[in-house]
$ cat work-v3.txt   # compact mmCIF, C-alpha atoms
# COMPACT_ATOMS: atom_id res chain seq x y z
CA MET A 240 102.93 240.15 196.59
CA ALA A 241 104.37 241.13 193.27
CA GLN A 242 107.85 241.37 194.83
CA SER A 243 107.97 237.69 195.94
CA PRO A 244 109.34 236.26 192.67
CA THR A 245 112.01 238.88 192.62
CA ILE A 246 113.12 238.09 196.15
CA PHE A 247 113.14 234.39 195.34
CA VAL A 248 115.28 234.98 192.30
CA ARG A 249 117.76 237.00 194.37
CA ILE A 250 117.94 234.33 197.04
CA SER A 251 118.53 231.69 194.38
CA ILE A 252 121.36 233.69 192.85
CA LEU A 253 123.01 234.15 196.27
CA ALA A 254 122.71 230.44 197.00
CA LEU A 255 124.27 229.50 193.68
CA THR A 256 127.04 232.00 194.22
CA TRP A 257 127.78 230.60 197.68
CA LEU A 258 127.82 227.03 196.39
CA GLY A 259 130.21 227.99 193.62
CA CYS A 260 132.57 229.65 196.03
CA SER A 261 132.45 226.72 198.47
CA THR A 262 133.18 224.21 195.70
CA GLY A 263 136.19 226.26 194.50
CA THR A 264 137.55 226.55 198.01
CA ILE A 265 137.26 222.79 198.58
CA LEU A 266 139.01 222.00 195.29
CA SER A 267 141.81 224.43 196.07
CA SER A 268 142.35 222.91 199.56
CA GLU A 269 142.54 219.37 198.18
CA LYS A 270 145.12 220.44 195.61
CA GLU A 271 147.26 222.08 198.28
CA LEU A 272 146.97 218.98 200.45
CA GLN A 273 148.13 216.78 197.56
CA GLN A 274 151.09 219.07 196.96
CA LEU A 275 152.03 218.90 200.62
CA ARG A 276 151.92 215.11 200.50
CA GLU A 277 154.20 215.04 197.46
CA ASN A 278 156.62 217.47 199.10
CA TYR A 279 156.71 215.28 202.22
CA VAL A 280 157.50 212.17 200.19
CA GLN A 281 160.34 213.93 198.37
CA LEU A 282 161.73 215.34 201.59
CA LYS A 283 161.58 211.94 203.27
CA GLU A 284 163.41 210.34 200.36
CA THR A 285 166.10 213.03 200.53
CA VAL A 286 166.47 212.61 204.29
CA ASP A 287 166.69 208.80 203.96
CA ILE A 288 169.45 209.15 201.33
CA LYS A 289 171.40 211.54 203.56
CA ILE A 290 171.02 209.21 206.54
CA ALA A 291 172.28 206.26 204.46
CA GLN A 292 175.27 208.31 203.26
CA LEU A 293 176.10 209.34 206.81
CA GLU A 294 175.84 205.76 208.04
CA PHE A 295 178.19 204.59 205.23
CA LYS A 296 180.73 207.29 206.06
CA CYS A 297 180.54 206.37 209.74
CA LYS A 298 181.21 202.74 208.85
CA GLN A 299 184.20 203.74 206.72
CA LEU A 300 185.59 205.81 209.57
CA GLU A 301 185.15 202.91 211.97
CA GLU A 302 187.00 200.58 209.57
CA LYS A 303 189.82 203.09 209.13
CA ASP A 304 190.02 203.50 212.86
CA ALA A 305 190.30 199.73 213.29
CA GLN A 306 193.00 199.57 210.60
CA LEU A 307 194.97 202.32 212.29
CA GLU A 308 194.72 200.53 215.62
CA GLU A 309 195.97 197.29 214.00
CA GLU A 310 198.86 199.09 212.31
CA ILE A 311 199.83 200.70 215.60
CA ARG A 312 199.72 197.30 217.29
CA LEU A 313 201.88 195.71 214.57
CA LYS A 314 204.37 198.56 214.62
CA ASP A 315 204.58 198.29 218.38
CA GLN A 316 205.22 194.55 218.13
CA GLN A 317 207.83 195.08 215.42
CA LEU A 318 209.60 197.66 217.55
CA LYS A 319 209.60 195.26 220.51
CA GLU A 320 211.14 192.56 218.28
CA LEU A 321 213.83 194.97 217.13
CA LEU A 322 214.59 196.08 220.66
CA SER A 323 214.75 192.47 221.81
CA TYR A 324 217.07 191.51 218.95
CA ASN A 325 219.35 194.47 219.62
CA ALA A 326 219.47 193.62 223.32
CA ARG A 327 220.50 190.01 222.55
CA ASN A 328 223.22 190.96 220.07
CA ALA A 329 224.59 194.23 221.42
CA PRO A 330 228.13 194.16 222.87
CA GLU A 331 228.39 194.07 226.63
CA GLY A 332 227.68 197.47 228.10
CA ALA A 333 226.18 198.87 224.90
CA ALA A 334 222.98 200.91 225.05
CA THR A 335 219.83 199.00 224.19
CA ASP A 336 217.18 201.71 224.50
CA LEU A 337 215.18 203.27 221.67
CA ARG A 338 217.93 205.76 220.87
CA ALA A 339 220.35 202.90 220.26
CA VAL A 340 218.15 201.28 217.63
CA GLY A 341 217.12 204.54 216.03
CA SER A 342 220.18 204.51 213.78
CA ASN A 343 221.13 201.82 211.27
CA ALA A 344 224.78 202.66 211.92
CA ASN A 345 224.35 201.81 215.59
CA LEU A 346 222.74 198.49 214.65
CA ARG A 347 225.53 197.60 212.25
CA GLN A 348 228.14 198.35 214.86
CA GLY A 349 226.28 196.42 217.56
CA THR A 350 225.69 193.25 215.51
CA THR A 351 228.74 191.05 215.07
CA LYS A 352 227.37 187.61 214.25
CA MET A 353 226.72 186.34 210.74
CA PRO A 354 223.10 186.90 209.61
CA THR A 355 220.87 183.83 209.68
CA SER A 356 217.64 185.38 208.39
CA CYS A 357 216.03 188.43 206.83
CA LEU A 358 215.25 189.63 210.35
CA ASP A 359 218.98 189.71 211.12
CA LEU A 360 219.64 191.59 207.90
CA LYS A 361 216.91 194.12 208.67
CA ALA A 362 218.25 194.61 212.17
CA ALA A 363 221.70 195.18 210.66
CA GLY A 364 220.39 198.03 208.54
CA PHE A 365 219.51 196.38 205.21
CA TYR A 366 216.43 197.81 203.56
CA LEU A 367 216.60 196.96 199.84
CA ASN A 368 214.43 194.03 198.76
CA GLY A 369 216.36 191.20 197.11
CA ILE A 370 218.13 187.86 197.44
CA TYR A 371 220.67 187.55 200.25
CA PRO A 372 222.98 184.76 201.52
CA VAL A 373 222.46 183.77 205.16
CA VAL A 374 223.96 181.15 207.43
CA GLY A 375 221.89 177.95 207.59
CA ALA A 376 222.22 174.90 209.82
CA GLN A 377 225.14 173.49 207.80
CA HIS A 378 225.41 175.52 204.62
CA ILE A 379 225.11 179.02 203.26
CA GLU A 380 221.53 179.49 202.07
CA LEU A 381 219.84 182.03 199.80
CA VAL A 382 216.67 183.84 200.88
CA HIS A 383 214.56 186.58 199.34
CA CYS A 384 213.82 189.43 201.75
CA ASP A 385 210.89 191.79 201.28
CA PHE A 386 211.66 194.51 203.81
CA SER A 387 208.43 196.34 202.97
CA LYS A 388 206.55 193.58 204.84
CA LEU A 389 206.25 193.12 208.58
CA THR A 390 208.70 190.65 210.03
CA PHE A 391 206.02 188.08 210.89
CA ASP A 392 204.40 188.30 207.46
CA PRO A 393 204.93 184.97 205.58
CA SER A 394 206.15 186.91 202.54
CA PHE A 395 208.80 188.78 204.57
CA GLN A 396 211.28 185.94 203.93
CA LYS A 397 211.21 183.32 201.18
CA TRP A 398 213.73 180.47 201.10
CA ILE A 399 215.41 180.11 197.68
CA GLY A 400 217.97 177.31 198.08
CA PHE A 401 221.56 176.53 198.95
CA ALA A 402 224.50 178.67 197.84
CA ASP A 403 227.49 176.83 196.40
CA VAL A 404 230.05 178.64 198.52
CA LYS A 405 233.58 177.33 198.96
CA SER A 406 236.28 179.04 200.97
CA ALA A 407 238.78 177.68 198.43
CA PRO A 408 238.53 175.34 195.40
CA THR A 409 239.85 171.81 195.77
CA TYR A 410 240.22 169.32 192.90
CA PHE A 411 242.94 167.07 191.54
CA HIS A 412 243.67 164.61 188.73
CA VAL A 413 246.79 162.39 188.96
CA GLN A 414 248.08 159.49 186.90
CA ARG A 415 250.33 156.47 187.46
CA PHE A 416 253.05 156.28 184.79
CA THR A 417 256.00 154.37 186.23
CA ARG A 418 256.46 151.45 183.81
CA ASP A 419 256.75 148.95 186.65
CA ALA A 420 254.64 146.01 187.80
CA PHE A 421 253.13 147.14 191.09
CA LYS A 422 251.66 144.23 193.04
CA GLN A 423 252.19 145.07 196.73
CA SER A 424 249.02 144.76 198.80
CA ASN A 425 248.26 147.02 201.79
CA THR A 426 250.63 149.61 200.36
CA THR A 427 249.69 153.07 199.15
CA VAL A 428 249.69 153.33 195.38
CA LEU A 429 251.74 156.28 194.12
CA PHE A 430 250.66 158.52 191.25
CA ASN A 431 253.67 160.30 189.86
CA VAL A 432 252.02 162.46 187.15
CA GLU A 433 250.12 165.49 188.45
CA HIS A 434 247.78 166.85 185.80
CA LEU A 435 245.78 169.03 188.15
CA ASN A 436 246.07 169.80 191.84
CA VAL A 437 244.18 172.98 192.70
CA GLY A 438 244.37 173.62 196.41
CA GLY A 439 247.39 171.32 196.84
CA ALA A 440 245.45 168.72 198.86
CA MET A 441 246.90 165.78 196.87
CA ASP A 442 250.51 164.88 197.69
CA VAL A 443 251.91 162.89 194.77
CA LYS A 444 255.05 162.04 196.76
CA THR A 445 253.09 160.12 199.39
CA GLY A 446 249.97 159.29 197.36
CA ILE A 447 247.80 160.75 200.15
CA PHE A 448 244.96 163.24 199.76
CA THR A 449 244.28 165.35 202.87
CA ALA A 450 240.86 167.03 203.12
CA PRO A 451 241.50 170.76 203.59
CA ARG A 452 237.99 171.39 204.95
CA ALA A 453 234.81 169.56 205.90
CA GLY A 454 232.34 168.74 203.17
CA LYS A 455 231.23 166.28 200.51
CA TYR A 456 233.86 165.06 198.05
CA PHE A 457 233.75 162.97 194.89
CA PHE A 458 236.48 160.43 194.07
CA SER A 459 237.18 158.24 191.07
CA ILE A 460 239.69 155.40 190.69
CA THR A 461 240.04 153.82 187.24
CA GLY A 462 242.67 151.61 185.66
CA LEU A 463 243.82 148.27 184.31
CA ALA A 464 245.27 145.18 185.99
CA TRP A 465 247.26 142.51 184.13
CA PHE A 466 246.07 138.87 184.33
CA PRO A 467 248.53 136.27 183.04
CA VAL A 468 247.66 132.97 181.37
CA SER A 469 245.73 130.88 183.85
CA SER A 470 243.31 127.98 183.87
CA TYR A 471 241.59 129.35 186.96
CA ARG A 472 240.17 132.74 187.81
CA ARG A 473 242.67 135.22 189.16
CA ILE A 474 241.48 138.27 191.12
CA PHE A 475 242.48 141.86 191.77
CA TYR A 476 240.90 144.10 194.45
CA ILE A 477 241.78 147.75 194.98
CA GLY A 478 240.20 150.17 197.44
CA LEU A 479 239.91 153.76 198.62
CA TYR A 480 240.97 154.18 202.25
CA LYS A 481 240.10 156.94 204.71
CA ASN A 482 242.37 157.13 207.74
CA SER A 483 243.46 153.51 207.01
CA ASN A 484 239.84 152.27 206.77
CA GLN A 485 238.38 151.06 203.47
CA ILE A 486 235.44 153.17 202.28
CA ALA A 487 235.17 152.17 198.58
CA MET A 488 236.42 149.35 196.35
CA ALA A 489 236.80 148.05 192.81
CA HIS A 490 237.80 144.66 191.47
CA ALA A 491 238.61 142.73 188.32
CA GLY A 492 238.91 139.00 187.67
CA GLU A 493 239.94 136.92 184.69
CA ALA A 494 240.63 133.32 183.70
CA SER A 495 242.51 133.58 180.41
CA THR A 496 244.47 131.27 178.16
CA LEU A 497 246.21 134.22 176.49
CA GLY A 498 246.73 136.75 179.25
CA GLN A 499 244.88 140.09 179.19
CA TRP A 500 244.18 143.41 180.87
CA GLY A 501 241.17 143.65 183.17
CA PRO A 502 239.53 147.10 183.72
CA PHE A 503 238.34 148.31 187.11
CA SER A 504 236.69 151.49 188.40
CA SER A 505 235.37 152.92 191.63
CA LEU A 506 233.21 156.04 191.91
CA SER A 507 232.14 157.33 195.30
CA THR A 508 230.95 160.39 197.18
CA GLN A 509 232.38 160.80 200.66
CA ASN A 510 231.57 163.05 203.60
CA LEU A 511 234.93 164.13 205.02
CA GLN A 512 236.08 166.17 207.95
CA LYS A 513 239.00 168.54 207.81
CA GLY A 514 242.25 166.58 208.05
CA ASP A 515 240.87 163.21 206.87
CA GLN A 516 243.48 161.37 204.77
CA LEU A 517 242.63 159.23 201.74
CA SER A 518 244.80 156.82 199.78
CA VAL A 519 244.50 154.03 197.20
CA GLU A 520 245.68 150.54 198.12
CA ILE A 521 245.57 147.03 196.71
CA TYR A 522 244.11 144.81 199.40
CA ARG A 523 243.84 141.47 197.60
CA ILE A 524 245.71 140.19 194.55
CA SER A 525 246.43 136.83 192.95
CA PRO A 526 250.00 135.73 192.12
CA ASP A 527 251.49 137.27 188.93
CA VAL A 528 248.68 139.83 188.70
CA TYR A 529 249.87 143.45 188.78
CA LEU A 530 248.72 147.05 188.38
CA ASN A 531 249.35 148.74 185.04
CA GLY A 532 252.20 151.22 185.08
CA ASN A 533 251.92 152.60 181.55
CA GLY A 534 249.57 155.47 182.26
CA PHE A 535 246.22 153.67 182.44
CA VAL A 536 245.60 154.21 186.16
CA TYR A 537 244.01 157.48 187.35
CA PHE A 538 242.95 158.95 190.67
CA THR A 539 240.59 161.97 190.57
CA GLY A 540 238.69 163.95 193.20
CA TRP A 541 237.12 167.29 194.01
CA LEU A 542 235.23 169.14 196.69
CA MET A 543 231.53 169.14 195.77
CA GLU A 544 229.99 170.93 198.74
CA GLU A 545 231.73 172.57 201.65
CA GLU A 546 230.25 172.84 205.13
CA VAL A 547 231.14 176.50 205.33
CA VAL A 548 229.21 176.98 208.56
CA LEU A 549 231.81 174.98 210.47
CA SER A 550 234.52 177.46 209.53
CA LEU A 551 232.58 180.63 210.44

$ encode --input "work-v3.txt" --output "structure tokens"
Amino acid sequence: MAQSPTIFVRISILALTWLGCSTGTILSSEKELQQLRENYVQLKETVDIKIAQLEFKCKQLEEKDAQLEEEIRLKDQQLKELLSYNARNAPEGAATDLRAVGSNANLRQGTTKMPTSCLDLKAAGFYLNGIYPVVGAQHIELVHCDFSKLTFDPSFQKWIGFADVKSAPTYFHVQRFTRDAFKQSNTTVLFNVEHLNVGGAMDVKTGIFTAPRAGKYFFSITGLAWFPVSSYRRIFYIGLYKNSNQIAMAHAGEASTLGQWGPFSSLSTQNLQKGDQLSVEIYRISPDVYLNGNGFVYFTGWLMEEEVVLSL
């Protein structure tokens, strides 16, 4: 019986040893489990980031693919427009396939009409951006062409305005200096002094101006008429005539006890056709009234705007 305490002590030591080992093992397992959880969270975050990056790259590729498809469609449409234009403007019997429009030289040789737009210019081989004159409905117009844009892009062509183009200048300034008392009505007034007559449209021998081309012209008639002593009002009417029809007029009237000069003037803008003839005539005049012949009567005119399109 003396050995019982000893055995009890040994059993107690073994039990304590076992409990210590079990507790250490449990603590070590929990630590490993916590580490595994943290590793999983980190790995999941990494995977999620990679997935998001892949999805973004896929979206970018899809957008680029859509852009390429749109560019191909636009290029195809542009090529069809060019082929169609070349087919409409090519000389009879000329080739109109892709090989024919592959060279700017071919296009320039195949296009004979005057350009009316940036599209015409591009089809004719122009490629430098800038301002170009084109044929409008009635006048030469200026447009800015951006050949880097597609033809149906609103910025491909921008209208600038009208070009002041004249096939030849036309302007004159003549004077009446005859020292006579001209009082004949319905008779062309002659202007014997020619100060300026660029273009030769004014004939001082006949007093008739002949429009050399269609367009808008400006005319001025100024002068003095003599009114003798009179107790009643005397009148003087003078007019501008186109093809024998009055188109502008001026008048003066006086009732004077001393006799005096009465000024008159007529300013007008006229739309003329090539060959229209203009003259100055007195169409109503009182007795003893007459047109000044000492250099105070002038007839002036010039071409303001030519309808160049009609002559192309």

$ residues_around --input "work-v3.txt" --residues "segment 453-469 of chain A" --least-positions-apart "6" --cutoff "8 Å" --atoms "all atoms listed in the file" --output "JSON, numbers by chain"
{"A": [475, 491, 492, 493, 494, 495, 496, 497, 498, 499, 500, 501, 502, 503, 504, 505, 506, 507, 508, 509, 510, 511, 512, 513, 527, 528, 529, 530, 531, 535, 536, 537, 538, 539, 540, 541, 542, 543, 544, 545, 546, 547, 549]}

$ write_last_selection --input "work-v3.txt" --atoms "C-alpha atoms" --output "PDB file, in the frame of the given file"
ATOM      1  CA  PHE A 475     242.480 141.860 191.770  1.00  0.00           C
ATOM      2  CA  ALA A 491     238.610 142.730 188.320  1.00  0.00           C
ATOM      3  CA  GLY A 492     238.910 139.000 187.670  1.00  0.00           C
ATOM      4  CA  GLU A 493     239.940 136.920 184.690  1.00  0.00           C
ATOM      5  CA  ALA A 494     240.630 133.320 183.700  1.00  0.00           C
ATOM      6  CA  SER A 495     242.510 133.580 180.410  1.00  0.00           C
ATOM      7  CA  THR A 496     244.470 131.270 178.160  1.00  0.00           C
ATOM      8  CA  LEU A 497     246.210 134.220 176.490  1.00  0.00           C
ATOM      9  CA  GLY A 498     246.730 136.750 179.250  1.00  0.00           C
ATOM     10  CA  GLN A 499     244.880 140.090 179.190  1.00  0.00           C
ATOM     11  CA  TRP A 500     244.180 143.410 180.870  1.00  0.00           C
ATOM     12  CA  GLY A 501     241.170 143.650 183.170  1.00  0.00           C
ATOM     13  CA  PRO A 502     239.530 147.100 183.720  1.00  0.00           C
ATOM     14  CA  PHE A 503     238.340 148.310 187.110  1.00  0.00           C
ATOM     15  CA  SER A 504     236.690 151.490 188.400  1.00  0.00           C
ATOM     16  CA  SER A 505     235.370 152.920 191.630  1.00  0.00           C
ATOM     17  CA  LEU A 506     233.210 156.040 191.910  1.00  0.00           C
ATOM     18  CA  SER A 507     232.140 157.330 195.300  1.00  0.00           C
ATOM     19  CA  THR A 508     230.950 160.390 197.180  1.00  0.00           C
ATOM     20  CA  GLN A 509     232.380 160.800 200.660  1.00  0.00           C
ATOM     21  CA  ASN A 510     231.570 163.050 203.600  1.00  0.00           C
ATOM     22  CA  LEU A 511     234.930 164.130 205.020  1.00  0.00           C
ATOM     23  CA  GLN A 512     236.080 166.170 207.950  1.00  0.00           C
ATOM     24  CA  LYS A 513     239.000 168.540 207.810  1.00  0.00           C
ATOM     25  CA  ASP A 527     251.490 137.270 188.930  1.00  0.00           C
ATOM     26  CA  VAL A 528     248.680 139.830 188.700  1.00  0.00           C
ATOM     27  CA  TYR A 529     249.870 143.450 188.780  1.00  0.00           C
ATOM     28  CA  LEU A 530     248.720 147.050 188.380  1.00  0.00           C
ATOM     29  CA  ASN A 531     249.350 148.740 185.040  1.00  0.00           C
ATOM     30  CA  PHE A 535     246.220 153.670 182.440  1.00  0.00           C
ATOM     31  CA  VAL A 536     245.600 154.210 186.160  1.00  0.00           C
ATOM     32  CA  TYR A 537     244.010 157.480 187.350  1.00  0.00           C
ATOM     33  CA  PHE A 538     242.950 158.950 190.670  1.00  0.00           C
ATOM     34  CA  THR A 539     240.590 161.970 190.570  1.00  0.00           C
ATOM     35  CA  GLY A 540     238.690 163.950 193.200  1.00  0.00           C
ATOM     36  CA  TRP A 541     237.120 167.290 194.010  1.00  0.00           C
ATOM     37  CA  LEU A 542     235.230 169.140 196.690  1.00  0.00           C
ATOM     38  CA  MET A 543     231.530 169.140 195.770  1.00  0.00           C
ATOM     39  CA  GLU A 544     229.990 170.930 198.740  1.00  0.00           C
ATOM     40  CA  GLU A 545     231.730 172.570 201.650  1.00  0.00           C
ATOM     41  CA  GLU A 546     230.250 172.840 205.130  1.00  0.00           C
ATOM     42  CA  VAL A 547     231.140 176.500 205.330  1.00  0.00           C
ATOM     43  CA  LEU A 549     231.810 174.980 210.470  1.00  0.00           C
TER      44      LEU A 549
END

$ atom_distance --input "work-v3.txt" --atom1 "atom CA of Lys283 of chain A" --atom2 "atom CA of Glu271 of chain A"
18.2 Å

$ atom_distance --input "work-v3.txt" --atom1 "atom CA of Ile474 of chain A" --atom2 "atom CA of Pro526 of chain A"
8.9 Å

$ atom_distance --input "work-v3.txt" --atom1 "atom CA of Lys352 of chain A" --atom2 "atom CA of Ala376 of chain A"
14.4 Å

$ residues_around --input "work-v3.txt" --residues "Val443 of chain A" --least-positions-apart "2" --cutoff "8 Å" --atoms "all atoms listed in the file" --output "ChimeraX atom specification"
/A:413,429-433,441,445-447

$ closest_residue --input "work-v3.txt" --among "A:Glu269, A:Ile524, A:Leu300, A:Glu308" --to "Phe421 of chain A" --atoms "all atoms listed in the file"
A:Ile524

$ residues_near_point --input "work-v3.txt" --point "(245.3, 153.8, 207.6)" --cutoff "9 Å" --atoms "only C-alpha atoms" --output "list in words"
Tyr480, Lys481, Asn482, Ser483, Asn484, Gln485, Gln516, Leu517 and Ser518 of chain A

$ closest_residue --input "work-v3.txt" --among "A:Ala305, A:Leu360, A:Leu479, A:Val548" --to "Gly375 of chain A" --atoms "only C-alpha atoms"
A:Val548

$ closest_residue --input "work-v3.txt" --among "A:Phe448, A:Tyr366, A:Phe295, A:Tyr522" --to "Tyr476 of chain A" --atoms "all atoms listed in the file"
A:Tyr522

$ axis_aligned_box --input "work-v3.txt" --around "segment 461-464 of chain A" --padding-each-side "4 Å" --output "AutoDock Vina command-line options"
--center_x 242.7 --center_y 149.5 --center_z 185.8 --size_x 13.2 --size_y 16.6 --size_z 10.9

$ closest_residue --input "work-v3.txt" --among "A:Ala363, A:Glu380, A:Glu284, A:Ser356" --to "Phe395 of chain A" --atoms "all atoms listed in the file"
A:Ser356

$ residues_around --input "work-v3.txt" --residues "Phe386 of chain A" --least-positions-apart "5" --cutoff "9 Å" --atoms "all atoms listed in the file" --output "list in words"
Cys357, Leu358, Lys361, Phe365, Tyr366, Leu367, Asn368, Gly369, Phe395 and Gln396 of chain A

$ write_last_selection --input "work-v3.txt" --atoms "C-alpha atoms" --output "PDB file, in the coordinates of the input"
ATOM      1  CA  CYS A 357     216.030 188.430 206.830  1.00  0.00           C
ATOM      2  CA  LEU A 358     215.250 189.630 210.350  1.00  0.00           C
ATOM      3  CA  LYS A 361     216.910 194.120 208.670  1.00  0.00           C
ATOM      4  CA  PHE A 365     219.510 196.380 205.210  1.00  0.00           C
ATOM      5  CA  TYR A 366     216.430 197.810 203.560  1.00  0.00           C
ATOM      6  CA  LEU A 367     216.600 196.960 199.840  1.00  0.00           C
ATOM      7  CA  ASN A 368     214.430 194.030 198.760  1.00  0.00           C
ATOM      8  CA  GLY A 369     216.360 191.200 197.110  1.00  0.00           C
ATOM      9  CA  PHE A 395     208.800 188.780 204.570  1.00  0.00           C
ATOM     10  CA  GLN A 396     211.280 185.940 203.930  1.00  0.00           C
TER      11      GLN A 396
END

$ closest_residue --input "work-v3.txt" --among "A:Val374, A:Ala489, A:Val437, A:Val280" --to "Glu520 of chain A" --atoms "all atoms listed in the file"
A:Ala489
